[in-house]
file protein_8.pdb (PDB, C-alpha atoms and all ligand atoms)
ATOM      1  CA  MET F  48     -35.649  65.183  -9.075
ATOM      2  CA  GLY F  49     -36.116  66.226  -5.466
ATOM      3  CA  LEU F  50     -37.228  69.629  -4.260
ATOM      4  CA  ILE F  51     -33.630  70.812  -3.794
ATOM      5  CA  ASN F  52     -31.489  70.301  -6.873
ATOM      6  CA  LYS F  53     -28.752  72.896  -6.557
ATOM      7  CA  CYS F  54     -26.151  73.667  -3.933
ATOM      8  CA  LEU F  55     -24.408  77.021  -3.773
ATOM      9  CA  PHE F  56     -20.812  77.092  -2.532
ATOM     10  CA  PRO F  57     -19.700  80.600  -1.550
ATOM     11  CA  ALA F  58     -15.961  80.197  -1.973
ATOM     12  CA  ALA F  59     -14.719  83.705  -2.653
ATOM     13  CA  GLY F  60     -13.380  84.604   0.805
ATOM     14  CA  TYR F  61      -9.734  85.528   1.290
ATOM     15  CA  GLY F  62      -9.017  82.813   3.869
ATOM     16  CA  THR F  63      -6.676  85.146   5.738
ATOM     17  CA  ARG F  64      -6.372  82.780   8.703
ATOM     18  CA  PHE F  65      -4.456  80.385   6.475
ATOM     19  CA  LEU F  66      -1.954  82.828   5.015
ATOM     20  CA  PRO F  67       0.510  82.272   3.478
ATOM     21  CA  ALA F  68      -1.014  78.946   2.280
ATOM     22  CA  THR F  69      -4.001  80.789   0.816
ATOM     23  CA  LYS F  70      -2.018  83.551  -0.886
ATOM     24  CA  ALA F  71      -2.347  81.999  -4.333
ATOM     25  CA  MET F  72      -4.551  79.000  -3.536
ATOM     26  CA  PRO F  73      -8.184  78.913  -2.423
ATOM     27  CA  LYS F  74      -8.849  77.847   1.162
ATOM     28  CA  GLU F  75     -11.393  75.378  -0.250
ATOM     29  CA  MET F  76      -8.557  73.449  -1.929
ATOM     30  CA  LEU F  77      -6.759  72.726   1.355
ATOM     31  CA  PRO F  78      -6.768  68.929   1.724
ATOM     32  CA  LEU F  79      -8.011  66.841   4.619
ATOM     33  CA  VAL F  80      -5.527  63.992   4.179
ATOM     34  CA  THR F  81      -5.639  63.818   0.349
ATOM     35  CA  LYS F  82      -9.004  65.298  -0.625
ATOM     36  CA  PRO F  83      -9.709  69.035  -0.846
ATOM     37  CA  LEU F  84     -12.320  70.529   1.462
ATOM     38  CA  ILE F  85     -14.600  71.473  -1.410
ATOM     39  CA  GLN F  86     -14.695  67.875  -2.653
ATOM     40  CA  TYR F  87     -16.061  66.736   0.707
ATOM     41  CA  GLY F  88     -18.696  69.464   0.283
ATOM     42  CA  VAL F  89     -19.675  68.287  -3.189
ATOM     43  CA  GLU F  90     -19.885  64.694  -1.916
ATOM     44  CA  GLU F  91     -22.144  65.829   0.906
ATOM     45  CA  ALA F  92     -24.463  67.655  -1.505
ATOM     46  CA  LEU F  93     -24.587  64.604  -3.768
ATOM     47  CA  ASP F  94     -25.458  62.446  -0.759
ATOM     48  CA  ALA F  95     -28.478  64.729  -0.325
ATOM     49  CA  GLY F  96     -29.571  64.005  -3.917
ATOM     50  CA  ILE F  97     -28.249  67.316  -5.268
ATOM     51  CA  THR F  98     -26.380  67.266  -8.588
ATOM     52  CA  GLY F  99     -26.188  70.947  -9.541
ATOM     53  CA  MET F 100     -23.074  72.479  -7.952
ATOM     54  CA  ALA F 101     -23.021  76.274  -8.189
ATOM     55  CA  ILE F 102     -19.731  77.755  -7.047
ATOM     56  CA  VAL F 103     -19.092  81.427  -6.318
ATOM     57  CA  THR F 104     -15.383  82.035  -6.744
ATOM     58  CA  GLY F 105     -13.135  85.062  -6.810
ATOM     59  CA  ARG F 106      -9.666  86.072  -7.883
ATOM     60  CA  GLY F 107      -7.062  83.336  -7.515
ATOM     61  CA  LYS F 108      -9.613  80.528  -7.255
ATOM     62  CA  ARG F 109      -9.205  78.906 -10.634
ATOM     63  CA  ALA F 110      -7.842  75.718  -9.064
ATOM     64  CA  ILE F 111     -11.409  74.819  -8.016
ATOM     65  CA  GLU F 112     -12.579  74.781 -11.639
ATOM     66  CA  ASP F 113      -9.565  72.750 -12.713
ATOM     67  CA  HIS F 114     -10.165  70.256  -9.916
ATOM     68  CA  PHE F 115     -13.664  69.405 -11.152
ATOM     69  CA  ASP F 116     -12.517  68.879 -14.713
ATOM     70  CA  ILE F 117     -10.722  66.130 -16.574
ATOM     71  CA  SER F 118      -6.943  66.343 -16.624
ATOM     72  CA  PHE F 119      -6.057  64.436 -19.791
ATOM     73  CA  GLU F 120      -2.274  64.532 -19.415
ATOM     74  CA  LEU F 121      -2.312  63.418 -15.799
ATOM     75  CA  GLU F 122      -4.888  60.700 -16.377
ATOM     76  CA  HIS F 123      -2.973  59.429 -19.400
ATOM     77  CA  GLN F 124       0.208  59.423 -17.308
ATOM     78  CA  ILE F 125      -1.218  57.246 -14.516
ATOM     79  CA  ALA F 126      -3.475  55.044 -16.692
ATOM     80  CA  GLY F 127      -2.817  51.374 -15.960
ATOM     81  CA  SER F 128      -0.778  52.104 -12.814
ATOM     82  CA  ASP F 129      -1.843  51.488  -9.224
ATOM     83  CA  LYS F 130      -2.417  55.230  -8.889
ATOM     84  CA  GLU F 131      -5.244  55.289 -11.407
ATOM     85  CA  SER F 132      -7.850  54.488  -8.764
ATOM     86  CA  LEU F 133      -6.876  57.577  -6.739
ATOM     87  CA  LEU F 134      -8.855  59.716  -9.170
ATOM     88  CA  ASP F 135     -11.930  57.439  -9.315
ATOM     89  CA  GLY F 136     -13.905  59.416  -6.740
ATOM     90  CA  THR F 137     -13.241  62.754  -8.417
ATOM     91  CA  ARG F 138     -14.044  61.354 -11.857
ATOM     92  CA  ASP F 139     -17.310  59.954 -10.500
ATOM     93  CA  LEU F 140     -18.315  63.427  -9.238
ATOM     94  CA  ILE F 141     -17.469  64.981 -12.603
ATOM     95  CA  ASN F 142     -19.680  62.400 -14.325
ATOM     96  CA  ARG F 143     -22.629  62.703 -11.958
ATOM     97  CA  CYS F 144     -22.751  66.449 -11.253
ATOM     98  CA  THR F 145     -22.865  69.652 -13.228
ATOM     99  CA  PHE F 146     -20.596  72.471 -12.103
ATOM    100  CA  SER F 147     -21.311  76.114 -12.793
ATOM    101  CA  TYR F 148     -19.315  79.119 -11.667
ATOM    102  CA  THR F 149     -19.598  82.815 -11.213
ATOM    103  CA  ARG F 150     -17.252  85.332  -9.641
ATOM    104  CA  GLN F 151     -17.727  87.675  -6.759
ATOM    105  CA  ASN F 152     -15.609  90.656  -7.852
ATOM    106  CA  GLU F 153     -15.598  92.364  -4.460
ATOM    107  CA  MET F 154     -15.644  90.482  -1.161
ATOM    108  CA  LEU F 155     -18.631  92.229   0.339
ATOM    109  CA  GLY F 156     -19.694  89.402   2.625
ATOM    110  CA  LEU F 157     -21.458  86.047   2.641
ATOM    111  CA  GLY F 158     -24.865  87.618   1.929
ATOM    112  CA  HIS F 159     -23.420  89.409  -1.074
ATOM    113  CA  ALA F 160     -21.766  86.195  -2.300
ATOM    114  CA  ILE F 161     -25.138  84.447  -2.201
ATOM    115  CA  LEU F 162     -26.761  87.275  -4.130
ATOM    116  CA  VAL F 163     -24.000  86.982  -6.735
ATOM    117  CA  GLY F 164     -24.937  83.286  -6.979
ATOM    118  CA  GLU F 165     -28.561  84.074  -7.894
ATOM    119  CA  THR F 166     -27.689  83.869 -11.575
ATOM    120  CA  LEU F 167     -26.672  80.202 -11.074
ATOM    121  CA  ILE F 168     -29.659  79.289  -8.902
ATOM    122  CA  GLY F 169     -32.691  81.025 -10.431
ATOM    123  CA  ASP F 170     -36.140  80.875  -8.885
ATOM    124  CA  GLU F 171     -35.956  77.672  -6.840
ATOM    125  CA  PRO F 172     -35.085  76.582  -3.299
ATOM    126  CA  PHE F 173     -31.417  75.655  -2.881
ATOM    127  CA  ALA F 174     -28.809  74.498  -0.408
ATOM    128  CA  VAL F 175     -25.784  76.517   0.705
ATOM    129  CA  LEU F 176     -22.627  74.791   1.891
ATOM    130  CA  LEU F 177     -19.567  76.529   3.323
ATOM    131  CA  ALA F 178     -16.823  74.057   2.535
ATOM    132  CA  ASP F 179     -14.645  75.212   5.419
ATOM    133  CA  ASP F 180     -17.206  73.763   7.831
ATOM    134  CA  PHE F 181     -16.475  70.066   7.477
ATOM    135  CA  CYS F 182     -19.098  67.705   8.936
ATOM    136  CA  LEU F 183     -18.759  64.036   9.789
ATOM    137  CA  THR F 184     -21.924  61.991  10.273
ATOM    138  CA  GLU F 185     -22.612  58.347  10.984
ATOM    139  CA  SER F 186     -25.408  57.984   8.434
ATOM    140  CA  ASP F 187     -27.178  60.761   6.452
ATOM    141  CA  SER F 188     -25.060  63.815   5.701
ATOM    142  CA  VAL F 189     -26.074  67.115   7.314
ATOM    143  CA  LEU F 190     -27.501  68.401   4.018
ATOM    144  CA  ALA F 191     -29.471  65.158   3.569
ATOM    145  CA  GLN F 192     -30.956  65.655   7.058
ATOM    146  CA  MET F 193     -31.878  69.217   6.084
ATOM    147  CA  THR F 194     -33.394  68.443   2.665
ATOM    148  CA  ALA F 195     -35.593  65.831   4.367
ATOM    149  CA  LEU F 196     -36.821  68.567   6.733
ATOM    150  CA  TYR F 197     -37.416  70.909   3.807
ATOM    151  CA  GLU F 198     -39.740  68.329   2.195
ATOM    152  CA  GLN F 199     -41.862  68.636   5.297
ATOM    153  CA  TYR F 200     -41.656  72.342   6.178
ATOM    154  CA  ARG F 201     -40.880  74.171   2.882
ATOM    155  CA  CYS F 202     -39.142  77.158   4.465
ATOM    156  CA  CYS F 203     -35.574  78.327   5.119
ATOM    157  CA  ILE F 204     -33.579  76.012   7.400
ATOM    158  CA  VAL F 205     -30.253  76.712   9.098
ATOM    159  CA  ALA F 206     -28.085  74.118  10.825
ATOM    160  CA  ILE F 207     -27.091  74.955  14.383
ATOM    161  CA  GLU F 208     -24.939  73.578  17.155
ATOM    162  CA  GLU F 209     -24.358  74.527  20.757
ATOM    163  CA  VAL F 210     -21.066  76.332  21.304
ATOM    164  CA  PRO F 211     -19.447  77.564  24.522
ATOM    165  CA  LEU F 212     -20.811  81.018  25.371
ATOM    166  CA  ASP F 213     -17.370  82.608  25.113
ATOM    167  CA  GLN F 214     -17.258  81.590  21.422
ATOM    168  CA  VAL F 215     -20.627  82.971  20.270
ATOM    169  CA  SER F 216     -19.005  86.128  18.887
ATOM    170  CA  ARG F 217     -17.577  84.031  16.012
ATOM    171  CA  TYR F 218     -21.017  82.962  14.761
ATOM    172  CA  GLY F 219     -24.538  83.939  13.816
ATOM    173  CA  VAL F 220     -26.658  83.035  16.841
ATOM    174  CA  ILE F 221     -30.370  82.223  17.012
ATOM    175  CA  SER F 222     -33.146  82.049  19.523
ATOM    176  CA  GLY F 223     -36.481  80.405  18.916
ATOM    177  CA  VAL F 224     -39.223  78.108  20.041
ATOM    178  CA  GLU F 225     -38.394  74.396  20.071
ATOM    179  CA  GLU F 226     -41.177  72.795  17.993
ATOM    180  CA  ARG F 227     -39.831  69.305  18.415
ATOM    181  CA  GLU F 228     -36.583  67.958  19.758
ATOM    182  CA  GLY F 229     -33.710  69.774  18.077
ATOM    183  CA  LEU F 230     -35.938  71.814  15.720
ATOM    184  CA  PHE F 231     -36.530  75.503  16.475
ATOM    185  CA  ARG F 232     -38.831  78.067  14.860
ATOM    186  CA  VAL F 233     -36.442  81.026  14.809
ATOM    187  CA  ASN F 234     -37.551  84.420  16.067
ATOM    188  CA  GLU F 235     -34.204  86.140  16.481
ATOM    189  CA  MET F 236     -30.861  85.948  14.708
ATOM    190  CA  VAL F 237     -27.806  88.026  15.527
ATOM    191  CA  GLU F 238     -24.475  88.045  13.696
ATOM    192  CA  LYS F 239     -21.397  87.662  15.923
ATOM    193  CA  PRO F 240     -22.891  88.964  19.205
ATOM    194  CA  GLU F 241     -20.878  89.622  22.340
ATOM    195  CA  PRO F 242     -21.646  86.847  24.885
ATOM    196  CA  ALA F 243     -23.662  89.236  27.076
ATOM    197  CA  ALA F 244     -25.885  90.223  24.131
ATOM    198  CA  ALA F 245     -26.260  86.733  22.638
ATOM    199  CA  PRO F 246     -29.824  85.401  22.556
ATOM    200  CA  SER F 247     -28.520  81.842  23.192
ATOM    201  CA  ASN F 248     -25.466  79.688  22.542
ATOM    202  CA  LEU F 249     -27.041  78.081  19.465
ATOM    203  CA  ALA F 250     -24.669  78.955  16.633
ATOM    204  CA  ILE F 251     -25.374  78.751  12.914
ATOM    205  CA  ILE F 252     -22.909  76.594  11.003
ATOM    206  CA  GLY F 253     -22.210  76.502   7.282
ATOM    207  CA  ARG F 254     -25.243  74.585   6.036
ATOM    208  CA  TYR F 255     -28.459  76.245   4.879
ATOM    209  CA  ILE F 256     -31.555  75.524   2.842
ATOM    210  CA  LEU F 257     -32.861  78.787   1.414
ATOM    211  CA  THR F 258     -35.956  79.705  -0.550
ATOM    212  CA  PRO F 259     -35.518  82.078  -3.511
ATOM    213  CA  ALA F 260     -37.294  84.773  -1.456
ATOM    214  CA  ILE F 261     -33.869  85.349   0.141
ATOM    215  CA  PHE F 262     -32.554  87.089  -2.992
ATOM    216  CA  GLU F 263     -35.045  89.962  -2.842
ATOM    217  CA  VAL F 264     -34.431  90.335   0.886
ATOM    218  CA  LEU F 265     -30.648  90.377   0.337
ATOM    219  CA  ARG F 266     -31.035  93.082  -2.305
ATOM    220  CA  ASN F 267     -32.725  95.215   0.346
ATOM    221  CA  THR F 268     -30.367  94.379   3.202
ATOM    222  CA  ALA F 269     -27.975  97.166   4.140
ATOM    223  CA  PRO F 270     -24.371  96.243   4.919
ATOM    224  CA  GLY F 271     -24.126  95.264   8.587
ATOM    225  CA  ARG F 272     -21.215  94.124  10.725
ATOM    226  CA  ASN F 273     -17.801  94.866   9.126
ATOM    227  CA  GLY F 274     -19.562  96.718   6.284
ATOM    228  CA  GLU F 275     -20.514  93.326   4.781
ATOM    229  CA  VAL F 276     -23.940  92.197   3.588
ATOM    230  CA  GLN F 277     -24.731  89.602   6.245
ATOM    231  CA  LEU F 278     -26.818  86.539   5.407
ATOM    232  CA  THR F 279     -27.893  86.458   9.054
ATOM    233  CA  ASP F 280     -29.461  89.946   8.733
ATOM    234  CA  ALA F 281     -31.438  88.880   5.656
ATOM    235  CA  LEU F 282     -32.557  85.682   7.379
ATOM    236  CA  GLN F 283     -33.683  87.749  10.374
ATOM    237  CA  THR F 284     -36.166  89.484   8.048
ATOM    238  CA  LEU F 285     -37.625  86.101   7.033
ATOM    239  CA  ALA F 286     -37.466  84.823  10.630
ATOM    240  CA  SER F 287     -39.623  87.717  11.816
ATOM    241  CA  GLN F 288     -42.267  86.336   9.430
ATOM    242  CA  GLY F 289     -41.876  82.861  10.972
ATOM    243  CA  GLN F 290     -40.165  81.510   7.851
ATOM    244  CA  VAL F 291     -36.920  80.161   9.286
ATOM    245  CA  LEU F 292     -36.256  76.898  11.115
ATOM    246  CA  ALA F 293     -33.035  75.924  12.860
ATOM    247  CA  CYS F 294     -32.103  72.274  13.252
ATOM    248  CA  ARG F 295     -29.570  70.646  15.490
ATOM    249  CA  PHE F 296     -28.000  68.006  13.262
ATOM    250  CA  ASP F 297     -26.655  64.556  14.036
ATOM    251  CA  GLY F 298     -22.921  64.624  13.514
ATOM    252  CA  LYS F 299     -19.744  66.490  14.318
ATOM    253  CA  ARG F 300     -18.562  69.729  12.736
ATOM    254  CA  PHE F 301     -14.967  70.869  12.360
ATOM    255  CA  ASP F 302     -14.266  74.554  11.730
ATOM    256  CA  CYS F 303     -11.662  74.068   9.025
ATOM    257  CA  GLY F 304     -11.525  77.830   8.475
ATOM    258  CA  SER F 305      -9.419  77.881  11.650
ATOM    259  CA  VAL F 306      -6.057  76.170  11.928
ATOM    260  CA  GLU F 307      -7.062  74.286  15.084
ATOM    261  CA  GLY F 308     -10.281  72.858  13.574
ATOM    262  CA  TYR F 309      -8.447  71.960  10.386
ATOM    263  CA  ILE F 310      -5.764  70.025  12.273
ATOM    264  CA  ASP F 311      -8.428  68.243  14.367
ATOM    265  CA  ALA F 312     -10.320  67.170  11.240
ATOM    266  CA  THR F 313      -7.096  66.044   9.582
ATOM    267  CA  ASN F 314      -6.192  63.875  12.580
ATOM    268  CA  VAL F 315      -9.653  62.308  12.811
ATOM    269  CA  LEU F 316      -9.758  61.500   9.096
ATOM    270  CA  TYR F 317      -6.183  60.240   9.063
ATOM    271  CA  ARG F 318      -6.944  57.831  11.909
ATOM    272  CA  ARG F 319     -10.014  56.624  10.003
ATOM    273  CA  THR F 320      -7.942  56.100   6.846
ATOM    274  CA  ILE F 321      -5.328  54.057   8.695
ATOM    275  CA  HIS F 322      -8.042  52.070  10.433
ATOM    276  CA  SER F 323      -9.884  51.206   7.217
ATOM    277  CA  GLU F 324      -6.579  50.304   5.466
ATOM    278  CA  SER F 325      -5.595  47.977   8.308
ATOM    279  CA  GLU F 326      -8.971  46.230   8.024
ATOM    280  CA  GLN F 327      -8.398  45.436   4.311
TER
HETATM  281  P1  LIG A 401     -15.160  83.559   6.424
HETATM  282  O1  LIG A 401     -15.777  84.405   7.444
HETATM  283  O2  LIG A 401     -14.598  82.239   6.850
HETATM  284  O3  LIG A 401     -14.055  84.426   5.676
HETATM  285  O4  LIG A 401     -16.251  83.341   5.289
HETATM  286  P2  LIG A 401     -12.839  83.960   4.808
HETATM  287  O5  LIG A 401     -12.392  85.142   4.015
HETATM  288  O6  LIG A 401     -13.166  82.756   3.971
HETATM  289  O7  LIG A 401     -11.706  83.510   5.853
HETATM  290  P3  LIG A 401     -10.800  84.379   6.875
HETATM  291  O8  LIG A 401     -11.715  84.769   8.001
HETATM  292  O9  LIG A 401     -10.226  85.544   6.123
HETATM  293  O10 LIG A 401      -9.735  83.401   7.290
HETATM  294  C1  LIG A 401     -17.256  82.368   5.419
HETATM  295  C2  LIG A 401     -17.580  81.785   4.055
HETATM  296  O11 LIG A 401     -18.136  82.776   3.198
HETATM  297  C3  LIG A 401     -17.411  82.898   2.015
HETATM  298  C4  LIG A 401     -16.026  82.318   2.321
HETATM  299  O12 LIG A 401     -15.415  81.807   1.150
HETATM  300  C5  LIG A 401     -16.354  81.228   3.334
HETATM  301  O13 LIG A 401     -16.768  80.021   2.710
HETATM  302  N1  LIG A 401     -17.351  84.332   1.632
HETATM  303  C6  LIG A 401     -17.157  85.273   2.591
HETATM  304  C7  LIG A 401     -17.514  84.702   0.316
HETATM  305  O14 LIG A 401     -17.692  83.844  -0.590
HETATM  306  N2  LIG A 401     -17.496  86.024  -0.014
HETATM  307  C8  LIG A 401     -17.296  87.007   0.925
HETATM  308  O15 LIG A 401     -17.291  88.209   0.549
HETATM  309  C9  LIG A 401     -17.133  86.606   2.262
END
call {"tool": "encode", "arguments": {"input": "protein_8.pdb", "output": "structure tokens", "more": "lines below"}}
Ligand code: UTP
result
Amino acid sequence: MGLINKCLFPAAGYGTRFLPATKAMPKEMLPLVTKPLIQYGVEEALDAGITGMAIVTGRGKRAIEDHFDISFELEHQIAGSDKESLLDGTRDLINRCTFSYTRQNEMLGLGHAILVGETLIGDEPFAVLLADDFCLTESDSVLAQMTALYEQYRCCIVAIEEVPLDQVSRYGVISGVEEREGLFRVNEMVEKPEPAAAPSNLAIIGRYILTPAIFEVLRNTAPGRNGEVQLTDALQTLASQGQVLACRFDGKRFDCGSVEGYIDATNVLYRRTIHSESEQ
């Protein structure tokens, strides 16, 4: 067992940018080519040595639970055919990971969703993965890069990337002292700032390593922007005690919570699929 054994997937959001597709189906089940976003997330966590998948769902999200379960009728139906192998990857995840679920009854923000997940995590450090941020890397996954850093630093770590200044108002933004190339000790974090008020253009993306201290801080964090309990506000409390690092990761992120990012990721993965098929 490593130091980080569980990954929390807050997956209770409404996904309004994808309506009507997300009216009765979770955003996390949207496929990139043929695999749902959340499956890429689970694969990434597993690549980081994590086998405990803790998923915070909400109303209308039951498809996620069904996806990570055996489907006897379907598997019986395709047994022995050339389609059987299409479920190998999913079956492998079901065999190697444990999946636990809880529901966020009211969508009171990402910070609130993480607090709801406390019951699945307990008193240990854990990863958080927002499945709508899809990351492609050449070697280690983003979470694997971050768990390796956690072994060394044992504090909260957020993944960041540089974004154009006119886009900072979509993200949590940090400023800090660069301790070594690409690794910052955070001293300020602001949720969705206007460009003029942004401390930098270093934006937090949907990968975190958190210590269990975050739960107590979240309990005492008042609702912030949009009346939601913001994870960024809670992390700011820990950052002011020097307990948060931000790392620029190796790889490319696609914002699959937006239609444009989703289409980009689909095109990139589709080209890769065609390429690898033509090599066989
Ligand atoms: P988003 O800001 O992308 O919101 O949430 P959303 O509802 O999913 O999508 P839009 O903006 O309406 O299109 C960021 C992440 O936090 C989770 C979401 O599921 C997503 O992974 N989240 C957000 C929750 O789990 N609960 C909440 O109350 C809010």
call {"tool": "resolve_selection", "arguments": {"input": "protein_8.pdb", "expression": "the PyMOL selection byres (((not hetatm)) within 8 of (chain A and resi 401))", "output": "number ranges by chain"}}
result
F: 56-65, 74-75, 103-105, 151, 153-161, 176-179, 253, 275, 304-305
call {"tool": "write_last_selection", "arguments": {"input": "protein_8.pdb", "atoms": "C-alpha atoms", "output": "compact mmCIF listing (two decimals), in the frame of the given file"}}
result
# COMPACT_ATOMS: atom_id res chain seq x y z
CA PHE F 56 -20.81 77.09 -2.53
CA PRO F 57 -19.70 80.60 -1.55
CA ALA F 58 -15.96 80.20 -1.97
CA ALA F 59 -14.72 83.70 -2.65
CA GLY F 60 -13.38 84.60 0.80
CA TYR F 61 -9.73 85.53 1.29
CA GLY F 62 -9.02 82.81 3.87
CA THR F 63 -6.68 85.15 5.74
CA ARG F 64 -6.37 82.78 8.70
CA PHE F 65 -4.46 80.39 6.48
CA LYS F 74 -8.85 77.85 1.16
CA GLU F 75 -11.39 75.38 -0.25
CA VAL F 103 -19.09 81.43 -6.32
CA THR F 104 -15.38 82.04 -6.74
CA GLY F 105 -13.14 85.06 -6.81
CA GLN F 151 -17.73 87.68 -6.76
CA GLU F 153 -15.60 92.36 -4.46
CA MET F 154 -15.64 90.48 -1.16
CA LEU F 155 -18.63 92.23 0.34
CA GLY F 156 -19.69 89.40 2.62
CA LEU F 157 -21.46 86.05 2.64
CA GLY F 158 -24.86 87.62 1.93
CA HIS F 159 -23.42 89.41 -1.07
CA ALA F 160 -21.77 86.20 -2.30
CA ILE F 161 -25.14 84.45 -2.20
CA LEU F 176 -22.63 74.79 1.89
CA LEU F 177 -19.57 76.53 3.32
CA ALA F 178 -16.82 74.06 2.54
CA ASP F 179 -14.64 75.21 5.42
CA GLY F 253 -22.21 76.50 7.28
CA GLU F 275 -20.51 93.33 4.78
CA GLY F 304 -11.52 77.83 8.48
CA SER F 305 -9.42 77.88 11.65
call {"tool": "atom_distance", "arguments": {"input": "protein_8.pdb", "atom1": "CA of Ile168 in chain F", "atom2": "CA of Gln199 in chain F"}}
result
21.5 Å
call {"tool": "closest_residue", "arguments": {"input": "protein_8.pdb", "among": "F:Leu133, F:Leu285, F:Ala260, F:Leu212", "to": "Pro172 in chain F", "atoms": "all atoms listed in the file"}}
result
F:Ala260
call {"tool": "residues_around", "arguments": {"input": "protein_8.pdb", "residues": "range 222-238 of chain F", "least_positions_apart": "5", "cutoff": "7 Å", "atoms": "all atoms listed in the file", "output": "list in words"}}
result
Pro246, Ser247, Thr279, Gln283, Ala286, Ser287, Gly289, Val291, Leu292, Ala293, Cys294 and Arg295 of chain F
call {"tool": "closest_residue", "arguments": {"input": "protein_8.pdb", "among": "F:Gln214, F:Thr149, F:Ser188, F:Ser323", "to": "Lys108 in chain F", "atoms": "only C-alpha atoms"}}
result
F:Thr149
call {"tool": "closest_residue", "arguments": {"input": "protein_8.pdb", "among": "F:Asp116, F:Glu198, F:Glu90, F:Asp170", "to": "Gly136 in chain F", "atoms": "all atoms listed in the file"}}
result
F:Glu90
call {"tool": "residues_around", "arguments": {"input": "protein_8.pdb", "residues": "Gln192 in chain F", "least_positions_apart": "5", "cutoff": "9 Å", "atoms": "only C-alpha atoms", "output": "PyMOL selection string"}}
result
chain F and resi 95+187+197+296-297
call {"tool": "closest_atom_pairs", "arguments": {"input": "protein_8.pdb", "of": "range 70-142 of chain F", "to": "range 307-321 of chain F", "cutoff": "12 Å", "atoms": "all atoms listed in the file", "output": "CSV"}}
result
residue,atom,partner,partner_atom,distance
F:Lys74,CA,F:Tyr309,CA,10.9
F:Glu75,CA,F:Tyr309,CA,11.6
F:Leu77,CA,F:Tyr309,CA,9.2
F:Pro78,CA,F:Thr313,CA,8.4
F:Leu79,CA,F:Thr313,CA,5.1
F:Val80,CA,F:Thr313,CA,6.0
F:Thr81,CA,F:Tyr317,CA,9.4
F:Lys82,CA,F:Thr313,CA,10.4
F:Pro83,CA,F:Thr313,CA,11.2
F:Leu84,CA,F:Tyr309,CA,9.8
F:Tyr87,CA,F:Leu316,CA,11.7
call {"tool": "resolve_selection", "arguments": {"input": "protein_8.pdb", "expression": "the PyMOL selection byres (((chain F and resi 122) around 12) and not hetatm)", "output": "MDAnalysis selection string"}}
result
chainID F and resid 116:121 123:128 130:135 137:138
call {"tool": "atom_distance", "arguments": {"input": "protein_8.pdb", "atom1": "CA of Arg266 in chain F", "atom2": "CA of Glu165 in chain F"}}
result
10.9 Å
call {"tool": "atom_distance", "arguments": {"input": "protein_8.pdb", "atom1": "CA of Gly99 in chain F", "atom2": "CA of Lys70 in chain F"}}
result
28.6 Å
call {"tool": "resolve_selection", "arguments": {"input": "protein_8.pdb", "expression": "the PyMOL selection byres (((chain F and resi 203) around 7) and not hetatm)", "output": "list in words"}}
result
Cys202, Ile204, Val205, Ile256, Leu257, Thr258, Gln290, Val291 and Leu292 of chain F
call {"tool": "write_last_selection", "arguments": {"input": "protein_8.pdb", "atoms": "C-alpha atoms", "output": "CSV table (one decimal), in the coordinates of the input"}}
result
chain,number,residue,atom,x,y,z
F,202,CYS,CA,-39.1,77.2,4.5
F,204,ILE,CA,-33.6,76.0,7.4
F,205,VAL,CA,-30.3,76.7,9.1
F,256,ILE,CA,-31.6,75.5,2.8
F,257,LEU,CA,-32.9,78.8,1.4
F,258,THR,CA,-36.0,79.7,-0.6
F,290,GLN,CA,-40.2,81.5,7.9
F,291,VAL,CA,-36.9,80.2,9.3
F,292,LEU,CA,-36.3,76.9,11.1
call {"tool": "closest_residue", "arguments": {"input": "protein_8.pdb", "among": "F:Leu249, F:Val264, F:Ile141, F:Leu66", "to": "Gln86 in chain F", "atoms": "all atoms listed in the file"}}
result
F:Ile141
call {"tool": "closest_residue", "arguments": {"input": "protein_8.pdb", "among": "F:Gly298, F:Gly169, F:Pro211, F:Pro242", "to": "Phe262 in chain F", "atoms": "only C-alpha atoms"}}
result
F:Gly169
call {"tool": "closest_residue", "arguments": {"input": "protein_8.pdb", "among": "F:Val276, F:Ala269, F:Ala206, F:Cys303", "to": "Ile252 in chain F", "atoms": "all atoms listed in the file"}}
result
F:Ala206
call {"tool": "axis_aligned_box", "arguments": {"input": "protein_8.pdb", "around": "range 253-256 of chain F", "padding_each_side": "3 Å", "output": "JSON"}}
result
{"center_x": -26.9, "center_y": 75.5, "center_z": 5.1, "size_x": 15.3, "size_y": 7.9, "size_z": 10.4}
